[in-house]
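**Student:** The file below is work-v3.txt, compact mmCIF, C-alpha atoms:
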# COMPACT_ATOMS: atom_id res chain seq x y z
CA MET A 1 -7.37 -194.64 29.41
CA TYR A 2 -6.47 -193.91 25.89
CA GLY A 3 -6.63 -195.23 22.38
CA ASN A 4 -6.57 -194.44 18.70
CA ALA A 5 -5.97 -190.85 19.71
CA TYR A 6 -3.37 -190.46 17.09
CA ILE A 7 -5.78 -189.86 14.30
CA GLU A 8 -5.10 -187.72 11.33
CA LYS A 9 -6.97 -188.69 8.24
CA ASP A 10 -5.30 -187.33 5.11
CA ALA A 11 -2.28 -186.21 7.10
CA LYS A 12 -0.10 -183.73 5.32
CA PRO A 13 3.47 -184.93 5.00
CA ILE A 14 5.73 -183.68 7.75
CA SER A 15 7.87 -180.87 6.47
CA VAL A 16 11.36 -180.32 7.84
CA GLU A 17 12.33 -178.06 4.94
CA ASN A 18 12.84 -174.98 7.05
CA GLU A 19 14.85 -176.73 9.74
CA ASP A 20 18.55 -176.24 10.31
CA GLU A 21 20.02 -179.42 8.82
CA GLU A 22 22.83 -179.69 11.33
CA LYS A 23 20.52 -179.30 14.31
CA LEU A 24 18.04 -181.74 12.82
CA ALA A 25 20.74 -184.35 12.31
CA ALA A 26 21.99 -183.90 15.89
CA PHE A 27 18.41 -184.14 17.19
CA GLU A 28 17.71 -187.35 15.29
CA ALA A 29 21.03 -188.83 16.37
CA ARG A 30 20.14 -188.20 20.02
CA ILE A 31 16.81 -189.99 19.61
CA THR A 32 18.51 -192.90 17.87
CA ARG A 33 20.91 -193.17 20.82
CA GLY A 34 17.85 -193.49 23.08
CA GLU A 35 18.24 -190.09 24.75
CA LYS A 36 15.17 -188.21 25.93
CA ILE A 37 14.27 -184.79 24.58
CA GLU A 38 13.49 -182.22 27.29
CA PRO A 39 11.27 -179.11 26.99
CA ASP A 40 14.15 -176.62 26.70
CA ASP A 41 15.98 -178.64 24.03
CA TRP A 42 15.96 -177.66 20.38
CA MET A 43 13.33 -179.61 18.45
CA PRO A 44 11.89 -179.38 14.93
CA ALA A 45 8.65 -177.42 14.76
CA GLU A 46 6.85 -180.51 13.44
CA TYR A 47 8.01 -182.63 16.37
CA ARG A 48 6.59 -180.04 18.76
CA LYS A 49 3.33 -179.84 16.82
CA GLN A 50 2.76 -183.58 16.47
CA LEU A 51 3.62 -184.28 20.10
CA THR A 52 1.44 -181.46 21.40
CA ARG A 53 -1.50 -182.81 19.46
CA MET A 54 -0.88 -186.35 20.55
CA ILE A 55 -0.42 -185.63 24.28
CA GLU A 56 -3.32 -183.21 24.24
CA GLN A 57 -5.64 -185.80 22.67
CA HIS A 58 -4.45 -188.30 25.23
CA ALA A 59 -5.26 -185.83 28.05
CA HIS A 60 -8.74 -185.17 26.65
CA SER A 61 -9.33 -188.92 26.40
CA GLU A 62 -8.56 -189.37 30.07
CA ILE A 63 -11.02 -186.66 31.09
CA MET A 64 -13.77 -187.72 28.66
CA GLY A 65 -13.16 -191.39 29.47
CA ALA A 66 -14.14 -190.72 33.05
CA LEU A 67 -17.65 -189.71 31.93
CA PRO A 68 -19.17 -193.06 30.86
CA GLU A 69 -17.78 -194.72 33.97
CA GLY A 70 -18.70 -191.82 36.23
CA THR A 71 -22.34 -192.32 35.37
CA TRP A 72 -22.23 -195.70 37.10
CA ILE A 73 -20.73 -194.62 40.43
CA THR A 74 -24.14 -194.02 41.97
CA ARG A 75 -25.42 -197.34 40.64
CA ALA A 76 -22.48 -199.64 41.42
CA PRO A 77 -23.75 -203.04 42.63
CA SER A 78 -21.79 -203.13 45.90
CA PHE A 79 -19.84 -200.84 48.19
CA LYS A 80 -16.56 -202.44 47.19
CA ARG A 81 -17.29 -201.96 43.49
CA LYS A 82 -18.28 -198.37 44.17
CA LEU A 83 -15.02 -197.65 46.01
CA ALA A 84 -13.02 -199.17 43.16
CA LEU A 85 -14.92 -197.18 40.55
CA VAL A 86 -14.54 -193.90 42.44
CA ALA A 87 -10.80 -194.57 42.75
CA LYS A 88 -10.50 -195.43 39.08
CA VAL A 89 -12.40 -192.37 37.91
CA GLN A 90 -10.27 -190.16 40.15
CA ASP A 91 -7.16 -191.75 38.64
CA GLU A 92 -8.38 -191.03 35.11
CA VAL A 93 -8.94 -187.37 35.89
CA GLY A 94 -5.53 -187.29 37.59
CA HIS A 95 -4.02 -188.74 34.40
CA GLY A 96 -5.65 -185.93 32.47
CA HIS A 97 -3.91 -183.40 34.72
CA LEU A 98 -0.53 -185.12 34.36
CA LEU A 99 -0.87 -185.16 30.59
CA TYR A 100 -2.08 -181.57 30.24
CA SER A 101 1.01 -180.56 32.24
CA ALA A 102 3.27 -182.63 29.97
CA ALA A 103 1.69 -181.04 26.89
CA GLU A 104 2.04 -177.58 28.42
CA THR A 105 5.81 -177.99 28.50
CA LEU A 106 5.61 -177.80 24.68
CA GLY A 107 4.12 -174.31 24.84
CA LYS A 108 0.34 -174.68 24.51
CA THR A 109 -1.57 -173.60 27.63
CA ARG A 110 -4.05 -175.82 29.41
CA GLU A 111 -6.75 -173.21 28.78
CA ALA A 112 -6.09 -173.34 25.03
CA MET A 113 -6.23 -177.15 25.03
CA ILE A 114 -9.51 -177.26 26.95
CA GLY A 115 -10.86 -174.55 24.68
CA ASP A 116 -10.04 -176.68 21.63
CA LEU A 117 -11.74 -179.69 23.23
CA LEU A 118 -14.90 -177.73 23.99
CA THR A 119 -15.17 -176.26 20.50
CA GLY A 120 -14.63 -179.71 18.96
CA LYS A 121 -11.37 -178.73 17.29
CA SER A 122 -9.41 -181.24 19.32
CA LYS A 123 -10.40 -184.90 19.42
CA TYR A 124 -10.52 -187.55 22.12
CA SER A 125 -10.64 -191.31 21.98
CA ASN A 126 -13.60 -192.46 19.96
CA ILE A 127 -14.59 -195.28 22.27
CA PHE A 128 -15.98 -192.87 24.87
CA ASN A 129 -18.73 -191.82 22.51
CA TYR A 130 -20.52 -195.12 23.14
CA PRO A 131 -23.02 -195.59 25.98
CA ALA A 132 -22.52 -197.65 29.14
CA LYS A 133 -25.95 -199.25 29.30
CA SER A 134 -25.56 -201.72 32.13
CA TRP A 135 -23.15 -202.53 34.94
CA ALA A 136 -21.61 -205.16 32.65
CA ASP A 137 -20.49 -202.32 30.37
CA ILE A 138 -18.39 -200.99 33.24
CA ALA A 139 -16.80 -204.41 33.64
CA VAL A 140 -16.06 -204.53 29.91
CA ILE A 141 -14.64 -201.00 29.86
CA GLY A 142 -12.49 -201.63 32.94
CA PHE A 143 -11.17 -204.88 31.52
CA LEU A 144 -10.91 -204.46 27.75
CA VAL A 145 -10.64 -200.72 27.20
CA ASP A 146 -8.04 -200.37 29.92
CA ALA A 147 -6.19 -203.39 28.54
CA GLY A 148 -6.04 -201.64 25.18
CA ALA A 149 -4.92 -198.44 26.87
CA ILE A 150 -2.09 -200.23 28.65
CA ILE A 151 -0.78 -201.72 25.40
CA ASN A 152 -0.83 -198.27 23.82
CA GLN A 153 0.69 -196.47 26.80
CA LEU A 154 3.44 -198.98 27.51
CA ALA A 155 4.56 -198.48 23.92
CA ASN A 156 4.40 -194.69 24.17
CA ALA A 157 6.29 -194.71 27.50
CA LYS A 158 9.37 -195.71 25.50
CA GLY A 159 9.05 -192.62 23.32
CA SER A 160 11.49 -189.76 23.01
CA TYR A 161 9.85 -186.90 24.91
CA GLY A 162 10.92 -186.85 28.59
CA PRO A 163 7.87 -185.24 30.26
CA TYR A 164 5.43 -187.52 28.38
CA CYS A 165 7.41 -190.66 29.27
CA ARG A 166 7.56 -189.70 32.94
CA ALA A 167 3.82 -189.05 33.06
CA LEU A 168 3.13 -192.38 31.32
CA GLU A 169 5.30 -194.30 33.72
CA ARG A 170 3.04 -193.29 36.57
CA ILE A 171 -0.11 -193.70 34.52
CA CYS A 172 0.79 -197.27 33.53
CA TYR A 173 1.39 -198.17 37.15
CA GLU A 174 -2.11 -197.00 38.06
CA GLU A 175 -3.71 -198.57 34.99
CA SER A 176 -2.65 -202.00 36.16
CA PHE A 177 -5.11 -201.60 39.04
CA HIS A 178 -7.81 -200.46 36.62
CA LEU A 179 -7.33 -203.52 34.46
CA LYS A 180 -7.33 -205.90 37.41
CA GLN A 181 -10.47 -204.47 39.00
CA GLY A 182 -12.16 -204.57 35.58
CA TYR A 183 -11.11 -208.19 35.05
CA ASP A 184 -12.40 -209.00 38.53
CA ALA A 185 -15.81 -207.47 37.76
CA PHE A 186 -15.83 -209.22 34.36
CA VAL A 187 -15.05 -212.63 35.86
CA ALA A 188 -17.62 -212.10 38.64
CA LEU A 189 -20.35 -211.71 35.99
CA ALA A 190 -19.00 -214.47 33.75
CA THR A 191 -19.00 -216.96 36.61
CA GLY A 192 -22.32 -215.72 38.04
CA THR A 193 -25.98 -216.46 37.37
CA PRO A 194 -27.33 -217.04 33.84
CA ALA A 195 -28.78 -213.50 33.94
CA GLN A 196 -25.38 -212.05 34.81
CA ARG A 197 -23.70 -214.00 32.02
CA GLU A 198 -26.33 -212.83 29.58
CA MET A 199 -25.82 -209.22 30.65
CA LEU A 200 -22.06 -209.59 30.19
CA GLN A 201 -22.41 -211.25 26.80
CA ASP A 202 -24.66 -208.42 25.65
CA ALA A 203 -22.12 -205.81 26.78
CA VAL A 204 -19.24 -207.66 25.10
CA ASN A 205 -21.23 -207.85 21.86
CA ARG A 206 -21.83 -204.11 21.89
CA TRP A 207 -18.27 -203.10 22.87
CA TRP A 208 -16.43 -205.39 20.50
CA PRO A 209 -16.79 -203.20 17.36
CA PRO A 210 -15.55 -200.02 19.12
CA MET A 211 -12.78 -202.10 20.68
CA MET A 212 -11.66 -203.21 17.21
CA HIS A 213 -11.62 -199.51 16.25
CA PHE A 214 -9.66 -198.63 19.38
CA PHE A 215 -6.15 -198.66 17.94
CA GLY A 216 -7.21 -196.96 14.74
CA PRO A 217 -7.12 -198.10 11.11
CA PRO A 218 -3.94 -199.77 9.88
CA ASP A 219 -1.31 -197.11 9.22
CA LYS A 220 -0.57 -196.30 5.67
CA LEU A 221 3.07 -196.86 4.95
CA SER A 222 4.00 -193.26 4.42
CA VAL A 223 6.87 -190.88 4.90
CA HIS A 224 4.69 -189.30 7.59
CA THR A 225 4.44 -192.47 9.68
CA GLU A 226 8.04 -193.37 9.03
CA ARG A 227 9.26 -190.01 10.33
CA LEU A 228 7.01 -190.17 13.42
CA MET A 229 8.41 -193.59 14.22
CA ARG A 230 11.99 -192.44 13.67
CA TRP A 231 11.33 -189.53 16.05
CA LYS A 232 9.83 -192.01 18.53
CA VAL A 233 6.59 -190.07 18.65
CA LYS A 234 4.69 -193.08 17.38
CA MET A 235 6.12 -196.23 18.89
CA ALA A 236 4.13 -199.06 17.36
CA SER A 237 1.86 -199.39 14.37
CA ASN A 238 -1.88 -199.49 15.00
CA GLU A 239 -2.14 -203.00 13.60
CA ASP A 240 0.73 -204.30 15.77
CA MET A 241 -1.01 -202.99 18.87
CA ARG A 242 -4.33 -204.52 17.80
CA GLN A 243 -2.61 -207.88 17.24
CA GLU A 244 -1.03 -207.71 20.67
CA PHE A 245 -4.40 -206.93 22.22
CA LEU A 246 -6.07 -209.87 20.47
CA GLU A 247 -3.22 -212.19 21.38
CA GLN A 248 -3.37 -211.31 25.06
CA TYR A 249 -7.08 -210.88 25.69
CA VAL A 250 -9.18 -212.99 23.30
CA PRO A 251 -8.07 -216.23 25.03
CA LYS A 252 -9.00 -214.72 28.41
CA ILE A 253 -12.52 -213.98 27.13
CA TRP A 254 -13.01 -217.35 25.42
CA GLU A 255 -11.75 -219.17 28.49
CA LEU A 256 -14.85 -217.95 30.33
CA GLY A 257 -17.19 -219.24 27.60
CA ILE A 258 -18.01 -215.68 26.50
CA THR A 259 -18.17 -215.35 22.72
CA LEU A 260 -17.08 -212.52 20.47
CA PRO A 261 -19.39 -211.26 17.72
CA ASP A 262 -17.02 -211.98 14.85
CA PRO A 263 -17.28 -215.40 13.17
CA LYS A 264 -13.99 -214.84 11.35
CA LEU A 265 -11.98 -214.13 14.48
CA LYS A 266 -9.25 -216.72 14.91
CA LYS A 267 -5.53 -217.02 15.22
CA ASN A 268 -3.83 -218.33 12.13
CA GLU A 269 -1.49 -220.82 13.80
CA ALA A 270 0.76 -220.95 10.74
CA THR A 271 1.42 -217.20 10.62
CA GLY A 272 0.74 -216.37 14.28
CA ILE A 273 -1.50 -213.54 13.09
CA TRP A 274 -5.05 -212.97 14.29
CA GLU A 275 -7.60 -212.82 11.50
CA TYR A 276 -10.82 -210.86 11.86
CA THR A 277 -13.62 -209.23 9.92
CA GLU A 278 -12.52 -205.80 8.78
CA PRO A 279 -14.05 -203.26 11.18
CA ASP A 280 -16.41 -200.64 9.78
CA TRP A 281 -13.99 -197.74 9.36
CA ASP A 282 -16.70 -195.50 7.94
CA GLU A 283 -18.49 -195.71 11.26
CA PHE A 284 -15.22 -194.98 13.02
CA PHE A 285 -14.71 -191.72 11.13
CA ARG A 286 -18.39 -190.83 11.41
CA VAL A 287 -18.22 -191.09 15.20
CA ILE A 288 -14.94 -189.17 15.39
CA ASN A 289 -16.57 -186.38 13.46
CA GLY A 290 -19.35 -186.07 15.98
CA ASP A 291 -22.07 -188.46 14.89
CA GLY A 292 -21.76 -191.15 17.54
CA PRO A 293 -24.41 -192.24 20.03
CA CYS A 294 -23.00 -190.14 22.89
CA ASN A 295 -20.87 -187.35 21.38
CA ALA A 296 -23.46 -184.66 22.15
CA GLU A 297 -23.97 -185.83 25.72
CA ARG A 298 -20.25 -186.08 26.50
CA MET A 299 -19.55 -182.62 25.14
CA ALA A 300 -22.55 -181.09 26.90
CA VAL A 301 -21.54 -182.58 30.23
CA ARG A 302 -17.96 -181.41 29.79
CA ARG A 303 -19.02 -177.88 28.82
CA TYR A 304 -21.45 -177.77 31.71
CA ALA A 305 -18.68 -178.71 34.14
CA GLU A 306 -16.33 -176.12 32.69
CA GLN A 307 -18.91 -173.34 32.78
CA HIS A 308 -20.23 -174.16 36.22
CA GLY A 309 -16.74 -174.36 37.63
CA HIS A 310 -15.83 -170.95 36.26
CA TRP A 311 -16.97 -168.89 39.25
CA VAL A 312 -15.19 -171.23 41.66
CA ARG A 313 -11.90 -170.86 39.79
CA GLU A 314 -12.35 -167.09 39.67
CA ALA A 315 -13.21 -166.84 43.36
CA LEU A 316 -10.17 -168.87 44.33
CA ARG A 317 -7.95 -166.79 42.10
CA SER A 318 -9.06 -163.51 43.65
CA PRO A 319 -9.69 -164.20 47.32
CA SER A 320 -9.37 -160.46 48.01
CA HIS A 321 -12.78 -159.93 46.44
CA ALA A 322 -14.38 -160.80 49.74
CA GLN A 323 -17.90 -159.78 50.71
CA GLU A 324 -17.38 -156.93 53.15
CA VAL A 325 -20.95 -156.00 53.92
CA PRO A 326 -23.14 -158.41 55.92
CA TYR A 327 -25.51 -160.38 53.71
CA ALA A 328 -28.44 -160.10 56.12
CA MET B 1 -30.68 -178.85 24.81
CA ALA B 2 -32.45 -181.88 26.23
CA ILE B 3 -30.19 -184.86 26.54
CA ASN B 4 -31.80 -188.24 26.74
CA SER B 5 -29.07 -189.79 28.83
CA LEU B 6 -28.96 -193.25 30.39
CA ASP B 7 -27.69 -191.52 33.51
CA PRO B 8 -30.55 -190.22 35.62
CA ARG B 9 -28.37 -187.43 37.02
CA ILE B 10 -27.56 -186.11 33.56
CA LYS B 11 -31.24 -186.32 32.61
CA ARG B 12 -32.11 -184.22 35.64
CA ALA B 13 -29.33 -181.69 35.13
CA ASP B 14 -30.17 -178.63 33.13
CA LEU B 15 -27.58 -178.77 30.41
CA ALA B 16 -29.39 -176.15 28.37
CA GLY B 17 -26.85 -173.46 29.15
CA ALA B 18 -24.05 -175.74 28.11
CA SER B 19 -24.51 -175.41 24.38
CA GLY B 20 -22.78 -172.05 24.11
CA PHE B 21 -19.14 -171.84 24.91
CA THR B 22 -17.12 -168.96 26.27
CA ALA B 23 -13.42 -169.20 25.61
CA LEU B 24 -11.31 -169.65 28.69
CA SER B 25 -9.30 -166.66 29.77
CA GLU B 26 -5.56 -166.88 30.12
CA ARG B 27 -4.46 -168.56 33.36
CA GLU B 28 -8.07 -169.29 34.25
CA HIS B 29 -6.74 -172.69 35.26
CA TRP B 30 -4.19 -170.99 37.48
CA GLU B 31 -0.45 -171.38 37.53
CA PRO B 32 1.76 -174.44 37.77
CA TYR B 33 3.42 -175.59 40.98
CA ALA B 34 6.21 -178.16 41.13
CA VAL B 35 5.50 -180.94 43.63
CA PHE B 36 8.18 -182.63 45.77
CA HIS B 37 7.22 -185.86 47.48
CA GLN B 38 8.80 -187.47 50.53
CA ASP B 39 7.92 -191.12 51.06
CA LYS B 40 9.80 -191.66 54.31
CA ARG B 41 11.05 -189.39 57.09
CA GLY B 42 14.75 -188.85 56.68
CA GLU B 43 14.66 -189.25 52.90
CA GLN B 44 14.90 -186.36 50.44
CA HIS B 45 11.84 -184.78 48.89
CA ILE B 46 11.81 -185.79 45.22
CA PHE B 47 10.25 -183.92 42.30
CA VAL B 48 7.25 -185.89 41.03
CA GLY B 49 5.28 -183.52 38.81
CA ILE B 50 3.05 -180.48 38.48
CA VAL B 51 -0.28 -179.27 39.79
CA HIS B 52 -2.14 -176.11 38.82
CA ALA B 53 -3.42 -173.99 41.70
CA PRO B 54 -4.40 -170.41 42.53
CA ASP B 55 -2.20 -170.29 45.65
CA PRO B 56 0.29 -172.44 47.62
CA GLU B 57 -2.31 -173.67 50.10
CA LEU B 58 -4.54 -175.11 47.40
CA ALA B 59 -1.48 -176.39 45.55
CA LEU B 60 -0.79 -178.54 48.62
CA VAL B 61 -4.37 -179.84 48.63
CA PHE B 62 -4.18 -180.77 44.93
CA ALA B 63 -0.70 -182.25 45.37
CA LYS B 64 -2.03 -184.48 48.12
CA GLU B 65 -4.81 -185.71 45.81
CA GLN B 66 -2.57 -186.15 42.80
CA PHE B 67 0.66 -187.49 44.28
CA GLY B 68 -0.31 -188.71 47.74
CA ARG B 69 -3.20 -191.04 47.02
CA ARG B 70 -1.14 -194.22 46.69
CA LYS B 71 1.87 -195.71 48.43
CA LYS B 72 3.46 -194.17 51.47
CA THR B 73 3.70 -190.41 51.81
CA VAL B 74 4.90 -188.51 54.86
CA ASN B 75 5.29 -185.02 53.44
CA ILE B 76 4.90 -182.87 50.32
CA TRP B 77 6.46 -179.57 49.24
CA VAL B 78 5.11 -177.30 46.53
CA VAL B 79 7.03 -174.54 44.78
CA ARG B 80 5.72 -172.13 42.18
CA SER B 81 7.22 -173.31 38.86
CA SER B 82 8.12 -169.70 38.07
CA ASP B 83 10.28 -169.64 41.22
CA ILE B 84 12.50 -172.47 39.99
CA PHE B 85 15.74 -171.40 38.34
CA THR B 86 17.67 -173.78 36.12
CA PHE B 87 20.51 -174.06 33.67
CA ALA B 88 19.58 -174.83 30.10
CA HIS B 89 20.02 -178.45 29.04
CA GLU B 90 21.98 -177.25 26.02
CA ASP B 91 24.67 -175.98 28.41
CA GLU B 92 25.25 -179.42 29.88
CA ASP B 93 28.80 -179.42 28.47
CA MET B 94 29.79 -177.25 31.44
CA PHE B 95 29.59 -180.45 33.50
CA ALA B 96 31.49 -182.53 30.98
CA THR B 97 34.87 -182.60 32.74
CA ILE B 98 33.50 -183.56 36.15
CA PRO B 99 34.02 -187.31 35.84
CA GLU B 100 37.69 -186.58 35.00
CA LYS B 101 38.28 -184.83 38.32
CA ILE B 102 39.64 -187.93 39.97
CA TYR B 103 41.50 -185.74 42.51
CA ARG B 104 38.08 -185.08 44.08
CA GLU B 105 37.53 -188.78 44.68
CA ALA B 106 38.88 -191.06 47.40
CA ALA B 107 39.78 -193.43 44.58
CA GLY B 108 42.14 -190.77 43.22
CA TYR B 109 44.60 -191.45 46.07
CA PRO B 110 46.15 -194.95 45.76
CA VAL B 111 48.00 -194.81 49.12
CA ARG B 112 48.26 -198.55 49.52
CA LYS B 113 50.08 -198.85 46.22
CA ARG B 114 52.75 -196.41 47.42
CA ILE B 115 53.12 -198.18 50.78
CA ASN B 116 53.44 -201.56 49.10
CA LYS B 117 56.15 -200.21 46.83
CA TYR B 118 57.96 -198.69 49.79
CA LEU B 119 57.78 -201.94 51.79
CA HIS B 120 58.87 -203.95 48.78
CA ASP B 121 61.87 -201.68 48.15
CA LEU B 122 62.80 -201.81 51.85
CA GLU B 123 62.76 -205.59 51.81
CA GLU B 124 64.88 -205.62 48.67
CA SER B 125 67.48 -203.31 50.20
CA HIS B 126 67.85 -205.63 53.26
CA LYS B 127 68.61 -208.64 51.15
Just dump the structure as structure tokens.

**Tutor:**
Amino acid sequence: MYGNAYIEKDAKPISVENEDEEKLAAFEARITRGEKIEPDDWMPAEYRKQLTRMIEQHAHSEIMGALPEGTWITRAPSFKRKLALVAKVQDEVGHGHLLYSAAETLGKTREAMIGDLLTGKSKYSNIFNYPAKSWADIAVIGFLVDAGAIINQLANAKGSYGPYCRALERICYEESFHLKQGYDAFVALATGTPAQREMLQDAVNRWWPPMMHFFGPPDKLSVHTERLMRWKVKMASNEDMRQEFLEQYVPKIWELGITLPDPKLKKNEATGIWEYTEPDWDEFFRVINGDGPCNAERMAVRRYAEQHGHWVREALRSPSHAQEVPYA
Amino acid sequence: MAINSLDPRIKRADLAGASGFTALSEREHWEPYAVFHQDKRGEQHIFVGIVHAPDPELALVFAKEQFGRRKKTVNIWVVRSSDIFTFAHEDEDMFATIPEKIYREAAGYPVRKRINKYLHDLEESHK
């Protein structure tokens, strides 16, 4: 899963001042021709930096995204749902591995990336800082959050950096199962008892605001964004992705008689554009900066896992340090 | 640090020690291995991606989890990434003339054309 990871408030303009003009022109021409850039190719320092940050944030989002869902494995309502959830969570962690490896090809080590996550220097998708209160939350995450992730990742899979595109190709294939199992769980509740419908409606109401934040605030038309799009680092504007999400998924929710907590939400048939109440972007930035309902818990759990796994990693790395004297 | 989680397991876990953070040491997450996947006996093993592992045996275990959990798999190879030797992509011009080497292709030998000409000429000379 993934979303709005490409956040940089007050981004400094990308500087290519120190780059070799000839090399830069050749590099941009290759991208325009649709060629992929590979790790050993020449690339502008800013391309390397922006991509590293973006893929790294994506990797963190996969790992952190497994946490809210992971908490429901032990409480899944049936064996089949439990199997699906275990498989999905394993996929998400696998995606994290694929993406850390893709980012590593740009020169930053996995240890450094995880270090930056654990100190809070590096961000992950905001939506995972919200709690999964009931089983219906898992249905909503599996359906809507993964739907958003697919829109984002399908766009990025057409980007310019070879290792990232190859990782995304596999990730998108697996995400289609995530979406379908989430939709299945969503529909099961929507077509179930009044209590189940009520539980689902409550979850949808709570997840809608973070879902509207998911793709990030509308991009400012800037040289920064323009350059990232020309380099095929950023493949679609945040607002375009949000529109695509609304277009594809709002009808699927309404079809089931589930409502969305935004009285202004409707498609303007004349323009083809979805209209909605402006999301609370102050809240969005507040949560990114650590003040969300679950930031502390997510980080604590992740740090705990890293620290408690340390001795295992060390032991496996140095198997020669065997106990030679009998313990008892 | 007490965490009032909705997850009973997290509530029970002692996350107190998790507030401090020790930086990870270099290669604490081990070294990369390239994974080659074979989906059918008789087919080639194909490069599919990377796992990090402390040794080849564990690399195989991780490769099975990462690249063998869907679709058909009959075999997997792992190779330490540092043991792979490659040309640089920027030297790809060394392969540039290969498509021109038509003399290496069966299509570079239009035998039938020569025979047809010969037979045609023969027929002409008998007229």

**Student:** For chain B, which residue out of A:Phe285, A:Tyr249, A:Trp42, A:Phe79 is the nearest one, using all atoms listed in the file?

**Tutor:** A:Trp42

**Student:** Near chain B, meaning an atom within 7 Å, which residues of chain A appear when counting all atoms listed in the file? Write them as an mmCIF file with C-alpha atoms, in the coordinates of the input.

**Tutor:**
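File selection_18.cif, as written:
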data_model
loop_
_atom_site.group_PDB
_atom_site.id
_atom_site.type_symbol
_atom_site.label_atom_id
_atom_site.label_comp_id
_atom_site.auth_asym_id
_atom_site.auth_seq_id
_atom_site.Cartn_x
_atom_site.Cartn_y
_atom_site.Cartn_z
ATOM 1 C CA ASP A 40 14.150 -176.620 26.700
ATOM 2 C CA ASP A 41 15.980 -178.640 24.030
ATOM 3 C CA THR A 71 -22.340 -192.320 35.370
ATOM 4 C CA GLY A 94 -5.530 -187.290 37.590
ATOM 5 C CA SER A 101 1.010 -180.560 32.240
ATOM 6 C CA GLU A 111 -6.750 -173.210 28.780
ATOM 7 C CA GLY A 115 -10.860 -174.550 24.680
ATOM 8 C CA LYS A 133 -25.950 -199.250 29.300
ATOM 9 C CA GLU A 297 -23.970 -185.830 25.720
ATOM 10 C CA ALA A 300 -22.550 -181.090 26.900
ATOM 11 C CA ARG A 303 -19.020 -177.880 28.820
ATOM 12 C CA TYR A 304 -21.450 -177.770 31.710
ATOM 13 C CA ARG A 313 -11.900 -170.860 39.790
ATOM 14 C CA LEU A 316 -10.170 -168.870 44.330
ATOM 15 C CA ARG A 317 -7.950 -166.790 42.100
#

**Student:** Which polymer residues have any atom within 12 Å of an atom of Gly290 in chain A, counting only C-alpha atoms, with same-chain residues fewer than 3 positions away left out, as number ranges by chain?

**Tutor:** A: 119-126, 128-130, 283-287, 293-299

**Student:** How far is it from CA of Ala59 in chain B to CA of Tyr161 in chain A, in Å with one decimal?

**Tutor:** 25.8 Å

**Student:** Give me the residues within 9 Å of Thr259 in chain A as a list in words, counting only C-alpha atoms and dropping any in the same chain fewer than 2 places off.

**Tutor:**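 Returned residues: Gln201, Val204, Asn205, Ile253, Trp254, Leu256, Gly257, Pro261 and Asp262 of chain A.
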
**Student:** Quick one, how far is CA of Arg302 in chain A from CA of Gly96 in chain A?

**Tutor:**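 Interatomic distance, CA of Arg302 in chain A to CA of Gly96 in chain A: 13.4 Å.
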
**Student:** Just checking: using only C-alpha atoms, which residue out of A:Val223, A:Ala270, A:Ile138, A:Leu265 ends up closest to Gln243 in chain A?

**Tutor:**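 Among the listed residues, the smallest separation from Gln243 in chain A belongs to A:Leu265.
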
**Student:** In Å, with one decimal, what is the gap from CA of Val89 in chain A to CA of His310 in chain A?

**Tutor:**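 Atom-to-atom, CA of Val89 in chain A and CA of His310 in chain A are spaced 21.8 Å apart.
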